[in-house]
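**Student:** My structure file final-v5.pdb, PDB, C-alpha atoms, pLDDT in the B column, is below:
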MODEL        1
ATOM      1  CA  MET A   1     -80.210  98.115 -80.571  1.00 93.00           C
ATOM      2  CA  LYS A   2     -83.874  99.088 -80.257  1.00 97.00           C
ATOM      3  CA  ASN A   3     -87.142  97.487 -81.216  1.00 98.00           C
ATOM      4  CA  ILE A   4     -88.900 100.033 -83.435  1.00 98.00           C
ATOM      5  CA  VAL A   5     -92.262 100.155 -85.152  1.00 98.00           C
ATOM      6  CA  VAL A   6     -92.586 102.419 -88.192  1.00 98.00           C
ATOM      7  CA  PHE A   7     -96.121 103.352 -89.257  1.00 97.00           C
ATOM      8  CA  GLY A   8     -96.342 104.400 -92.902  1.00 95.00           C
ATOM      9  CA  ALA A   9     -93.348 102.196 -93.623  1.00 95.00           C
ATOM     10  CA  ALA A  10     -94.009 101.954 -97.367  1.00 93.00           C
ATOM     11  CA  GLY A  11     -94.177 105.716 -97.864  1.00 93.00           C
ATOM     12  CA  ARG A  12     -91.450 108.012 -99.131  1.00 93.00           C
ATOM     13  CA  THR A  13     -90.032 108.782 -95.674  1.00 96.00           C
ATOM     14  CA  GLY A  14     -91.022 105.458 -94.163  1.00 96.00           C
ATOM     15  CA  LYS A  15     -88.896 103.474 -96.591  1.00 95.00           C
ATOM     16  CA  TYR A  16     -85.767 105.361 -95.478  1.00 97.00           C
ATOM     17  CA  LEU A  17     -86.688 105.052 -91.811  1.00 97.00           C
ATOM     18  CA  VAL A  18     -86.871 101.291 -92.246  1.00 97.00           C
ATOM     19  CA  GLN A  19     -83.696 101.097 -94.344  1.00 96.00           C
ATOM     20  CA  TYR A  20     -81.552 103.308 -92.110  1.00 98.00           C
ATOM     21  CA  ALA A  21     -82.815 101.729 -88.887  1.00 98.00           C
ATOM     22  CA  LEU A  22     -81.941  98.261 -90.193  1.00 97.00           C
ATOM     23  CA  GLU A  23     -78.524  99.470 -91.322  1.00 97.00           C
ATOM     24  CA  ALA A  24     -77.948 100.765 -87.779  1.00 97.00           C
ATOM     25  CA  GLY A  25     -78.703  97.328 -86.352  1.00 97.00           C
ATOM     26  CA  HIS A  26     -82.189  97.896 -84.950  1.00 98.00           C
ATOM     27  CA  ASN A  27     -85.109  95.501 -85.133  1.00 98.00           C
ATOM     28  CA  VAL A  28     -87.926  97.035 -87.169  1.00 97.00           C
ATOM     29  CA  THR A  29     -91.624  96.305 -87.446  1.00 97.00           C
ATOM     30  CA  ALA A  30     -92.834  97.880 -90.694  1.00 96.00           C
ATOM     31  CA  PHE A  31     -96.547  98.715 -90.663  1.00 96.00           C
ATOM     32  CA  ASP A  32     -98.540  99.865 -93.675  1.00 93.00           C
ATOM     33  CA  ARG A  33    -101.695  99.165 -95.626  1.00 86.00           C
ATOM     34  CA  HIS A  34    -102.219  95.797 -97.291  1.00 76.00           C
ATOM     35  CA  THR A  35    -101.770  97.384-100.723  1.00 72.00           C
ATOM     36  CA  ALA A  36     -98.422  98.960 -99.801  1.00 75.00           C
ATOM     37  CA  ILE A  37     -96.634  96.625 -97.413  1.00 77.00           C
ATOM     38  CA  GLU A  38     -95.116  94.477-100.170  1.00 75.00           C
ATOM     39  CA  ASN A  39     -92.971  97.483-101.146  1.00 77.00           C
ATOM     40  CA  VAL A  40     -91.157  97.505 -97.795  1.00 82.00           C
ATOM     41  CA  THR A  41     -87.556  96.315 -97.516  1.00 81.00           C
ATOM     42  CA  LYS A  42     -87.065  92.570 -96.965  1.00 86.00           C
ATOM     43  CA  HIS A  43     -84.564  91.915 -94.164  1.00 91.00           C
ATOM     44  CA  PRO A  44     -84.157  89.262 -91.450  1.00 93.00           C
ATOM     45  CA  ASN A  45     -84.546  91.934 -88.746  1.00 95.00           C
ATOM     46  CA  CYS A  46     -87.674  93.422 -90.338  1.00 95.00           C
ATOM     47  CA  THR A  47     -91.189  92.188 -89.526  1.00 95.00           C
ATOM     48  CA  HIS A  48     -93.984  93.262 -91.875  1.00 94.00           C
ATOM     49  CA  ILE A  49     -97.511  93.997 -90.692  1.00 94.00           C
ATOM     50  CA  ALA A  50    -100.223  94.803 -93.203  1.00 93.00           C
ATOM     51  CA  GLY A  51    -102.817  96.620 -91.159  1.00 94.00           C
ATOM     52  CA  ASP A  52    -105.161  99.530 -90.657  1.00 94.00           C
ATOM     53  CA  VAL A  53    -104.531 102.359 -88.173  1.00 95.00           C
ATOM     54  CA  TYR A  54    -108.303 102.515 -87.637  1.00 95.00           C
ATOM     55  CA  LYS A  55    -108.244  98.971 -86.237  1.00 96.00           C
ATOM     56  CA  GLN A  56    -106.963  99.161 -82.682  1.00 97.00           C
ATOM     57  CA  GLU A  57    -106.121  95.464 -82.628  1.00 97.00           C
ATOM     58  CA  ASP A  58    -103.781  95.949 -85.611  1.00 97.00           C
ATOM     59  CA  VAL A  59    -102.099  98.905 -83.914  1.00 98.00           C
ATOM     60  CA  GLU A  60    -101.659  97.078 -80.617  1.00 98.00           C
ATOM     61  CA  LYS A  61    -100.182  94.043 -82.350  1.00 97.00           C
ATOM     62  CA  ALA A  62     -97.560  96.306 -83.949  1.00 98.00           C
ATOM     63  CA  ILE A  63     -96.740  98.341 -80.832  1.00 98.00           C
ATOM     64  CA  GLU A  64     -96.614  95.655 -78.139  1.00 98.00           C
ATOM     65  CA  GLY A  65     -93.038  94.957 -77.021  1.00 97.00           C
ATOM     66  CA  LYS A  66     -91.485  97.939 -78.830  1.00 98.00           C
ATOM     67  CA  ASP A  67     -89.109 100.553 -77.441  1.00 98.00           C
ATOM     68  CA  VAL A  68     -89.978 103.321 -79.909  1.00 98.00           C
ATOM     69  CA  VAL A  69     -92.950 104.259 -82.079  1.00 98.00           C
ATOM     70  CA  ILE A  70     -92.340 106.287 -85.259  1.00 98.00           C
ATOM     71  CA  SER A  71     -95.170 107.677 -87.368  1.00 98.00           C
ATOM     72  CA  ALA A  72     -94.550 108.616 -90.984  1.00 96.00           C
ATOM     73  CA  ILE A  73     -98.209 108.399 -91.977  1.00 94.00           C
ATOM     74  CA  GLY A  74     -99.658 111.229 -93.996  1.00 85.00           C
ATOM     75  CA  THR A  75    -102.070 112.131 -96.739  1.00 75.00           C
ATOM     76  CA  ASN A  76    -101.866 113.646-100.212  1.00 67.00           C
ATOM     77  CA  GLN A  77    -105.464 114.848 -99.987  1.00 66.00           C
ATOM     78  CA  ILE A  78    -105.570 118.585 -99.307  1.00 68.00           C
ATOM     79  CA  GLU A  79    -109.332 118.637 -98.795  1.00 72.00           C
ATOM     80  CA  GLY A  80    -111.785 116.425 -96.988  1.00 72.00           C
ATOM     81  CA  PRO A  81    -111.767 114.189 -93.913  1.00 75.00           C
ATOM     82  CA  ALA A  82    -108.639 112.253 -94.961  1.00 76.00           C
ATOM     83  CA  VAL A  83    -106.473 114.823 -93.154  1.00 81.00           C
ATOM     84  CA  ASN A  84    -107.788 113.386 -89.880  1.00 89.00           C
ATOM     85  CA  LEU A  85    -105.895 110.172 -90.636  1.00 91.00           C
ATOM     86  CA  MET A  86    -102.779 111.529 -88.928  1.00 93.00           C
ATOM     87  CA  SER A  87    -104.433 112.538 -85.666  1.00 95.00           C
ATOM     88  CA  ASP A  88    -106.751 109.537 -85.594  1.00 95.00           C
ATOM     89  CA  GLY A  89    -103.713 107.326 -86.074  1.00 96.00           C
ATOM     90  CA  MET A  90    -101.791 109.102 -83.339  1.00 97.00           C
ATOM     91  CA  LYS A  91    -104.686 108.670 -80.910  1.00 98.00           C
ATOM     92  CA  ALA A  92    -104.586 104.941 -81.623  1.00 98.00           C
ATOM     93  CA  PHE A  93    -100.799 104.831 -81.208  1.00 98.00           C
ATOM     94  CA  THR A  94    -100.724 106.745 -77.923  1.00 98.00           C
ATOM     95  CA  THR A  95    -103.575 104.641 -76.504  1.00 98.00           C
ATOM     96  CA  ALA A  96    -101.623 101.470 -77.290  1.00 98.00           C
ATOM     97  CA  MET A  97     -98.404 102.960 -75.935  1.00 98.00           C
ATOM     98  CA  LYS A  98    -100.047 103.713 -72.608  1.00 98.00           C
ATOM     99  CA  LYS A  99    -101.448 100.191 -72.482  1.00 98.00           C
ATOM    100  CA  PHE A 100     -98.008  98.638 -72.968  1.00 98.00           C
ATOM    101  CA  GLY A 101     -95.947 101.173 -71.001  1.00 98.00           C
ATOM    102  CA  ILE A 102     -94.044 102.632 -73.970  1.00 98.00           C
ATOM    103  CA  LYS A 103     -92.902 106.260 -73.707  1.00 98.00           C
ATOM    104  CA  ARG A 104     -90.968 107.287 -76.837  1.00 98.00           C
ATOM    105  CA  VAL A 105     -92.763 108.427 -79.996  1.00 98.00           C
ATOM    106  CA  LEU A 106     -91.596 110.498 -82.968  1.00 98.00           C
ATOM    107  CA  ALA A 107     -93.739 111.725 -85.849  1.00 98.00           C
ATOM    108  CA  VAL A 108     -93.584 113.653 -89.110  1.00 97.00           C
ATOM    109  CA  GLY A 109     -95.725 116.778 -89.435  1.00 96.00           C
ATOM    110  CA  GLY A 110     -95.939 120.005 -91.383  1.00 94.00           C
ATOM    111  CA  LEU A 111     -94.452 123.469 -91.079  1.00 95.00           C
ATOM    112  CA  ALA A 112     -97.803 125.031 -90.123  1.00 95.00           C
ATOM    113  CA  VAL A 113     -97.484 123.627 -86.594  1.00 97.00           C
ATOM    114  CA  LEU A 114     -94.382 125.702 -85.821  1.00 98.00           C
ATOM    115  CA  GLN A 115     -94.314 129.150 -84.282  1.00 97.00           C
ATOM    116  CA  LEU A 116     -94.220 132.347 -86.324  1.00 96.00           C
ATOM    117  CA  ASN A 117     -93.478 134.293 -83.148  1.00 96.00           C
ATOM    118  CA  GLU A 118     -94.046 133.853 -79.414  1.00 94.00           C
ATOM    119  CA  THR A 119     -97.823 134.181 -79.690  1.00 94.00           C
ATOM    120  CA  MET A 120     -98.716 132.916 -83.175  1.00 96.00           C
ATOM    121  CA  GLN A 121     -98.275 129.692 -85.125  1.00 97.00           C
ATOM    122  CA  LEU A 122     -97.474 129.812 -88.829  1.00 96.00           C
ATOM    123  CA  ILE A 123    -100.931 128.490 -89.677  1.00 95.00           C
ATOM    124  CA  ASP A 124    -102.445 131.596 -88.062  1.00 95.00           C
ATOM    125  CA  LYS A 125    -100.737 134.001 -90.452  1.00 94.00           C
ATOM    126  CA  PRO A 126    -103.343 136.038 -92.368  1.00 92.00           C
ATOM    127  CA  ASP A 127    -101.658 135.163 -95.665  1.00 92.00           C
ATOM    128  CA  TYR A 128    -101.217 131.436 -94.942  1.00 90.00           C
ATOM    129  CA  PRO A 129    -102.077 129.651 -98.237  1.00 89.00           C
ATOM    130  CA  ALA A 130    -105.725 128.636 -98.082  1.00 87.00           C
ATOM    131  CA  GLU A 131    -105.140 125.493-100.169  1.00 85.00           C
ATOM    132  CA  TYR A 132    -102.828 124.065 -97.477  1.00 86.00           C
ATOM    133  CA  LYS A 133    -104.773 125.131 -94.411  1.00 89.00           C
ATOM    134  CA  ASN A 134    -106.775 121.923 -94.117  1.00 90.00           C
ATOM    135  CA  VAL A 135    -103.639 119.775 -93.947  1.00 91.00           C
ATOM    136  CA  GLY A 136    -102.095 122.266 -91.517  1.00 92.00           C
ATOM    137  CA  ILE A 137    -105.128 121.880 -89.280  1.00 92.00           C
ATOM    138  CA  GLY A 138    -104.711 118.102 -89.527  1.00 93.00           C
ATOM    139  CA  HIS A 139    -101.099 118.328 -88.348  1.00 95.00           C
ATOM    140  CA  ASN A 140    -102.096 120.647 -85.518  1.00 96.00           C
ATOM    141  CA  LYS A 141    -104.547 117.995 -84.346  1.00 95.00           C
ATOM    142  CA  VAL A 142    -101.599 115.605 -84.013  1.00 97.00           C
ATOM    143  CA  TYR A 143     -99.717 118.236 -82.003  1.00 97.00           C
ATOM    144  CA  HIS A 144    -102.646 118.569 -79.607  1.00 97.00           C
ATOM    145  CA  VAL A 145    -102.814 114.794 -79.191  1.00 97.00           C
ATOM    146  CA  PHE A 146     -99.201 114.959 -78.009  1.00 98.00           C
ATOM    147  CA  LEU A 147     -99.886 117.865 -75.657  1.00 98.00           C
ATOM    148  CA  GLU A 148    -102.530 115.813 -73.879  1.00 97.00           C
ATOM    149  CA  THR A 149    -100.123 112.938 -73.110  1.00 97.00           C
ATOM    150  CA  ASP A 150     -97.206 112.442 -70.729  1.00 97.00           C
ATOM    151  CA  LEU A 151     -95.223 110.632 -73.432  1.00 98.00           C
ATOM    152  CA  ASP A 152     -91.716 111.530 -74.613  1.00 98.00           C
ATOM    153  CA  TRP A 153     -92.725 112.838 -78.021  1.00 98.00           C
ATOM    154  CA  THR A 154     -90.911 114.699 -80.799  1.00 98.00           C
ATOM    155  CA  PHE A 155     -92.883 116.241 -83.667  1.00 98.00           C
ATOM    156  CA  VAL A 156     -90.678 116.949 -86.711  1.00 98.00           C
ATOM    157  CA  CYS A 157     -92.350 119.689 -88.776  1.00 97.00           C
ATOM    158  CA  CYS A 158     -91.311 119.939 -92.397  1.00 96.00           C
ATOM    159  CA  PRO A 159     -91.377 122.302 -95.368  1.00 95.00           C
ATOM    160  CA  ASN A 160     -91.649 120.706 -98.836  1.00 94.00           C
ATOM    161  CA  ILE A 161     -90.588 117.060 -98.638  1.00 95.00           C
ATOM    162  CA  ASP A 162     -88.766 115.692-101.679  1.00 95.00           C
ATOM    163  CA  ASP A 163     -87.664 112.121-102.256  1.00 95.00           C
ATOM    164  CA  PHE A 164     -83.864 111.875-102.035  1.00 96.00           C
ATOM    165  CA  PRO A 165     -81.433 109.793 -99.949  1.00 96.00           C
ATOM    166  CA  ARG A 166     -79.697 111.441 -96.996  1.00 96.00           C
ATOM    167  CA  HIS A 167     -76.630 113.610 -97.412  1.00 95.00           C
ATOM    168  CA  GLY A 168     -76.592 114.989 -93.874  1.00 95.00           C
ATOM    169  CA  LYS A 169     -76.615 118.677 -94.798  1.00 96.00           C
ATOM    170  CA  TYR A 170     -79.654 119.961 -92.929  1.00 98.00           C
ATOM    171  CA  ASN A 171     -80.533 122.201 -89.994  1.00 98.00           C
ATOM    172  CA  VAL A 172     -82.983 121.813 -87.122  1.00 98.00           C
ATOM    173  CA  ASN A 173     -84.592 124.324 -84.768  1.00 98.00           C
ATOM    174  CA  LYS A 174     -86.765 123.941 -81.653  1.00 98.00           C
ATOM    175  CA  ASP A 175     -90.366 125.155 -82.115  1.00 98.00           C
ATOM    176  CA  TYR A 176     -89.529 127.423 -85.082  1.00 98.00           C
ATOM    177  CA  PRO A 177     -88.668 126.841 -88.770  1.00 97.00           C
ATOM    178  CA  ALA A 178     -85.053 125.872 -89.340  1.00 98.00           C
ATOM    179  CA  PRO A 179     -82.701 128.017 -91.413  1.00 96.00           C
ATOM    180  CA  GLY A 180     -82.047 126.712 -94.913  1.00 96.00           C
ATOM    181  CA  VAL A 181     -84.065 126.183 -98.047  1.00 96.00           C
ATOM    182  CA  PHE A 182     -87.808 125.486 -98.112  1.00 95.00           C
ATOM    183  CA  GLN A 183     -87.201 121.759 -98.530  1.00 96.00           C
ATOM    184  CA  ILE A 184     -86.200 118.617 -96.670  1.00 97.00           C
ATOM    185  CA  SER A 185     -85.292 115.356 -98.368  1.00 97.00           C
ATOM    186  CA  THR A 186     -86.925 112.143 -97.204  1.00 97.00           C
ATOM    187  CA  GLY A 187     -83.515 110.646 -96.470  1.00 98.00           C
ATOM    188  CA  ASN A 188     -82.407 113.585 -94.337  1.00 98.00           C
ATOM    189  CA  LEU A 189     -85.734 113.563 -92.510  1.00 98.00           C
ATOM    190  CA  ALA A 190     -85.341 109.868 -91.680  1.00 98.00           C
ATOM    191  CA  ASP A 191     -81.716 110.456 -90.701  1.00 98.00           C
ATOM    192  CA  PHE A 192     -82.687 113.130 -88.185  1.00 98.00           C
ATOM    193  CA  ILE A 193     -85.564 111.129 -86.703  1.00 98.00           C
ATOM    194  CA  LEU A 194     -83.301 108.155 -86.025  1.00 98.00           C
ATOM    195  CA  LYS A 195     -80.582 110.378 -84.545  1.00 98.00           C
ATOM    196  CA  GLU A 196     -83.124 112.083 -82.304  1.00 98.00           C
ATOM    197  CA  MET A 197     -84.430 108.663 -81.272  1.00 98.00           C
ATOM    198  CA  GLU A 198     -80.955 107.958 -79.878  1.00 97.00           C
ATOM    199  CA  GLU A 199     -79.987 111.408 -78.589  1.00 98.00           C
ATOM    200  CA  ASN A 200     -83.300 112.647 -77.128  1.00 98.00           C
ATOM    201  CA  LYS A 201     -82.408 116.323 -77.528  1.00 98.00           C
ATOM    202  CA  PHE A 202     -85.941 117.459 -78.417  1.00 98.00           C
ATOM    203  CA  LEU A 203     -88.275 115.741 -75.965  1.00 98.00           C
ATOM    204  CA  LYS A 204     -91.858 117.007 -75.713  1.00 98.00           C
ATOM    205  CA  THR A 205     -91.337 119.617 -78.423  1.00 98.00           C
ATOM    206  CA  ARG A 206     -91.721 120.467 -82.092  1.00 98.00           C
ATOM    207  CA  VAL A 207     -88.690 120.624 -84.371  1.00 98.00           C
ATOM    208  CA  GLY A 208     -88.283 122.562 -87.592  1.00 98.00           C
ATOM    209  CA  ILE A 209     -86.010 120.990 -90.204  1.00 98.00           C
ATOM    210  CA  ALA A 210     -84.645 122.134 -93.583  1.00 98.00           C
ATOM    211  CA  ASN A 211     -81.952 121.191 -96.076  1.00 97.00           C
ATOM    212  CA  GLU A 212     -78.944 123.467 -96.243  1.00 96.00           C
ATOM    213  CA  ILE A 213     -78.905 123.162-100.032  1.00 92.00           C
ATOM    214  CA  LEU A 214     -81.686 122.864-102.575  1.00 90.00           C
ATOM    215  CA  GLU A 215     -81.977 119.573-104.415  1.00 90.00           C
ATOM    216  CA  ALA A 216     -83.573 119.291-107.828  1.00 80.00           C
ATOM    217  CA  ARG A 217     -87.221 118.329-107.541  1.00 68.00           C
ATOM    218  CA  SER A 218     -87.947 114.662-108.180  1.00 53.00           C
TER     219      SER A 218
ENDMDL
END
Can the structure from this file be put into structure tokens for me?
**Tutor:**
Amino acid sequence: MKNIVVFGAAGRTGKYLVQYALEAGHNVTAFDRHTAIENVTKHPNCTHIAGDVYKQEDVEKAIEGKDVVISAIGTNQIEGPAVNLMSDGMKAFTTAMKKFGIKRVLAVGGLAVLQLNETMQLIDKPDYPAEYKNVGIGHNKVYHVFLETDLDWTFVCCPNIDDFPRHGKYNVNKDYPAPGVFQISTGNLADFILKEMEENKFLKTRVGIANEILEARS
């Protein structure tokens, strides 16, 4: 049993992280915005915190005493400063983790962070879609936050994320995109993150993930 904090707990992936962690017997602190936290699962082993990742006191309250930090925060805004939410949040998380002596952190990111080859990331491809580049840059900022720490981090980098429960049929790959379809379900993503939390096979590295089979878009 671990004491876990999930940031972005009311989001599509966050809700499964909370649900599956509770089903596995862990204690969960579910952190999200005031307008979203009421959507998080009610459970005797789940503590709800309605807070703001830009308020360090809120972040520290959530992280103190935990074994593992999981970030499922993200943004739907392709343009503008909102893409900095992920890296700004991670800076706040890692600062609090250092303060309280916590080492393990896992986070959700995008495919652009992974390698195309030994010398080039996917985001550096000449034909990388311009409309997604801003978000890709935002995820890369998270990656560089990790690189500047001595924490035990795992950055799970995803293709299209669709909202389905887990079925367990997915592949993972260190530093490069995983074989499969250009999709990962929220349930499978949460399933892998919680397994990796226990198994620690991908410490201080990026992980590509993909469903083995394509699910109908929600």
**Student:** Which residues come within 10 Å of Val83 of chain A, counting all atoms listed in the file, excluding same-chain residues fewer than 6 positions away, as number ranges by chain?
**Tutor:** A: 74-77, 134-139, 141
**Student:** Please report the interatomic distance between atom CA of Thr29 of chain A and atom CA of Leu147 of chain A in Å with one decimal.
**Tutor:** 25.9 Å
**Student:** Do you know which residues are at most 10 Å from Asn140 of chain A counting only C-alpha atoms, after dropping those on the same chain fewer than 6 positions away, and could you put them as a ChimeraX atom specification?
**Tutor:** /A:86-87,109-114,121,123,134,146
**Student:** For Leu194 of chain A, which residue among A:Lys174, A:His43, A:Arg104, A:Lys61 is the nearest when counting all atoms listed in the file?
**Tutor:**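 Of A:Lys174, A:His43, A:Arg104, A:Lys61, the one nearest Leu194 of chain A is A:Arg104, counting all atoms listed in the file.
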**Student:** Nearest to Asn200 of chain A: which of A:Asp152, A:Asp162, A:Glu60, A:Asp67 is it, counting all atoms listed in the file?
**Tutor:** A:Asp152
**Student:** Here is a test: counting all atoms listed in the file, which residue of A:Leu85, A:Val68, A:Ala36, A:Ile63 is nearest to Phe100 of chain A?
**Tutor:**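 Among the listed residues, A:Ile63 lies closest to Phe100 of chain A.
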**Student:** Of the candidates A:Tyr16, A:Lys55, A:Leu189, A:Tyr176, which one gets nearest to Glu118 of chain A if we count only C-alpha atoms?
**Tutor:**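 Checking each candidate against Glu118 of chain A, we get A:Tyr176 as the closest.
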**Student:** Complete segment 5-24 of chain A at the level of N, CA, C and O atoms, written as a compact mmCIF listing (two decimals), keeping the file's coordinate frame.
**Tutor:**
# COMPACT_ATOMS: atom_id res chain seq x y z
N VAL A 5 -91.19 100.33 -84.18
CA VAL A 5 -92.26 100.16 -85.15
C VAL A 5 -92.38 101.44 -85.96
O VAL A 5 -92.37 102.54 -85.41
N VAL A 6 -92.43 101.29 -87.27
CA VAL A 6 -92.59 102.42 -88.19
C VAL A 6 -93.95 102.31 -88.86
O VAL A 6 -94.22 101.35 -89.60
N PHE A 7 -94.83 103.28 -88.58
CA PHE A 7 -96.12 103.35 -89.26
C PHE A 7 -95.97 104.20 -90.52
O PHE A 7 -95.31 105.24 -90.50
N GLY A 8 -96.57 103.75 -91.61
CA GLY A 8 -96.34 104.40 -92.90
C GLY A 8 -95.03 103.95 -93.51
O GLY A 8 -94.36 104.72 -94.21
N ALA A 9 -94.68 102.70 -93.26
CA ALA A 9 -93.35 102.20 -93.62
C ALA A 9 -93.12 102.12 -95.12
O ALA A 9 -91.97 102.09 -95.57
N ALA A 10 -94.17 102.06 -95.92
CA ALA A 10 -94.01 101.95 -97.37
C ALA A 10 -94.00 103.31 -98.05
O ALA A 10 -93.83 103.40 -99.27
N GLY A 11 -94.18 104.38 -97.29
CA GLY A 11 -94.18 105.72 -97.86
C GLY A 11 -92.79 106.24 -98.17
O GLY A 11 -91.78 105.57 -97.91
N ARG A 12 -92.74 107.45 -98.69
CA ARG A 12 -91.45 108.01 -99.13
C ARG A 12 -90.47 108.15 -97.97
O ARG A 12 -89.28 107.79 -98.10
N THR A 13 -90.91 108.66 -96.84
CA THR A 13 -90.03 108.78 -95.67
C THR A 13 -89.92 107.46 -94.95
O THR A 13 -88.84 107.08 -94.48
N GLY A 14 -91.03 106.73 -94.87
CA GLY A 14 -91.02 105.46 -94.16
C GLY A 14 -90.00 104.47 -94.70
O GLY A 14 -89.36 103.75 -93.92
N LYS A 15 -89.83 104.45 -96.02
CA LYS A 15 -88.90 103.47 -96.59
C LYS A 15 -87.46 103.74 -96.12
O LYS A 15 -86.69 102.81 -95.88
N TYR A 16 -87.11 105.04 -95.97
CA TYR A 16 -85.77 105.36 -95.48
C TYR A 16 -85.65 105.12 -93.98
O TYR A 16 -84.58 104.72 -93.49
N LEU A 17 -86.72 105.37 -93.23
CA LEU A 17 -86.69 105.05 -91.81
C LEU A 17 -86.41 103.57 -91.60
O LEU A 17 -85.57 103.19 -90.77
N VAL A 18 -87.09 102.73 -92.36
CA VAL A 18 -86.87 101.29 -92.25
C VAL A 18 -85.45 100.94 -92.67
O VAL A 18 -84.72 100.23 -91.96
N GLN A 19 -85.03 101.44 -93.82
CA GLN A 19 -83.70 101.10 -94.34
C GLN A 19 -82.59 101.53 -93.39
O GLN A 19 -81.70 100.73 -93.06
N TYR A 20 -82.64 102.79 -92.95
CA TYR A 20 -81.55 103.31 -92.11
C TYR A 20 -81.57 102.68 -90.72
O TYR A 20 -80.50 102.46 -90.12
N ALA A 21 -82.74 102.38 -90.20
CA ALA A 21 -82.82 101.73 -88.89
C ALA A 21 -82.22 100.32 -88.96
O ALA A 21 -81.49 99.89 -88.05
N LEU A 22 -82.52 99.60 -90.02
CA LEU A 22 -81.94 98.26 -90.19
C LEU A 22 -80.42 98.33 -90.37
O LEU A 22 -79.69 97.52 -89.81
N GLU A 23 -79.97 99.31 -91.13
CA GLU A 23 -78.52 99.47 -91.32
C GLU A 23 -77.82 99.77 -90.00
O GLU A 23 -76.65 99.41 -89.82
N ALA A 24 -78.53 100.42 -89.08
CA ALA A 24 -77.95 100.76 -87.78
C ALA A 24 -78.04 99.61 -86.78
O ALA A 24 -77.55 99.74 -85.65
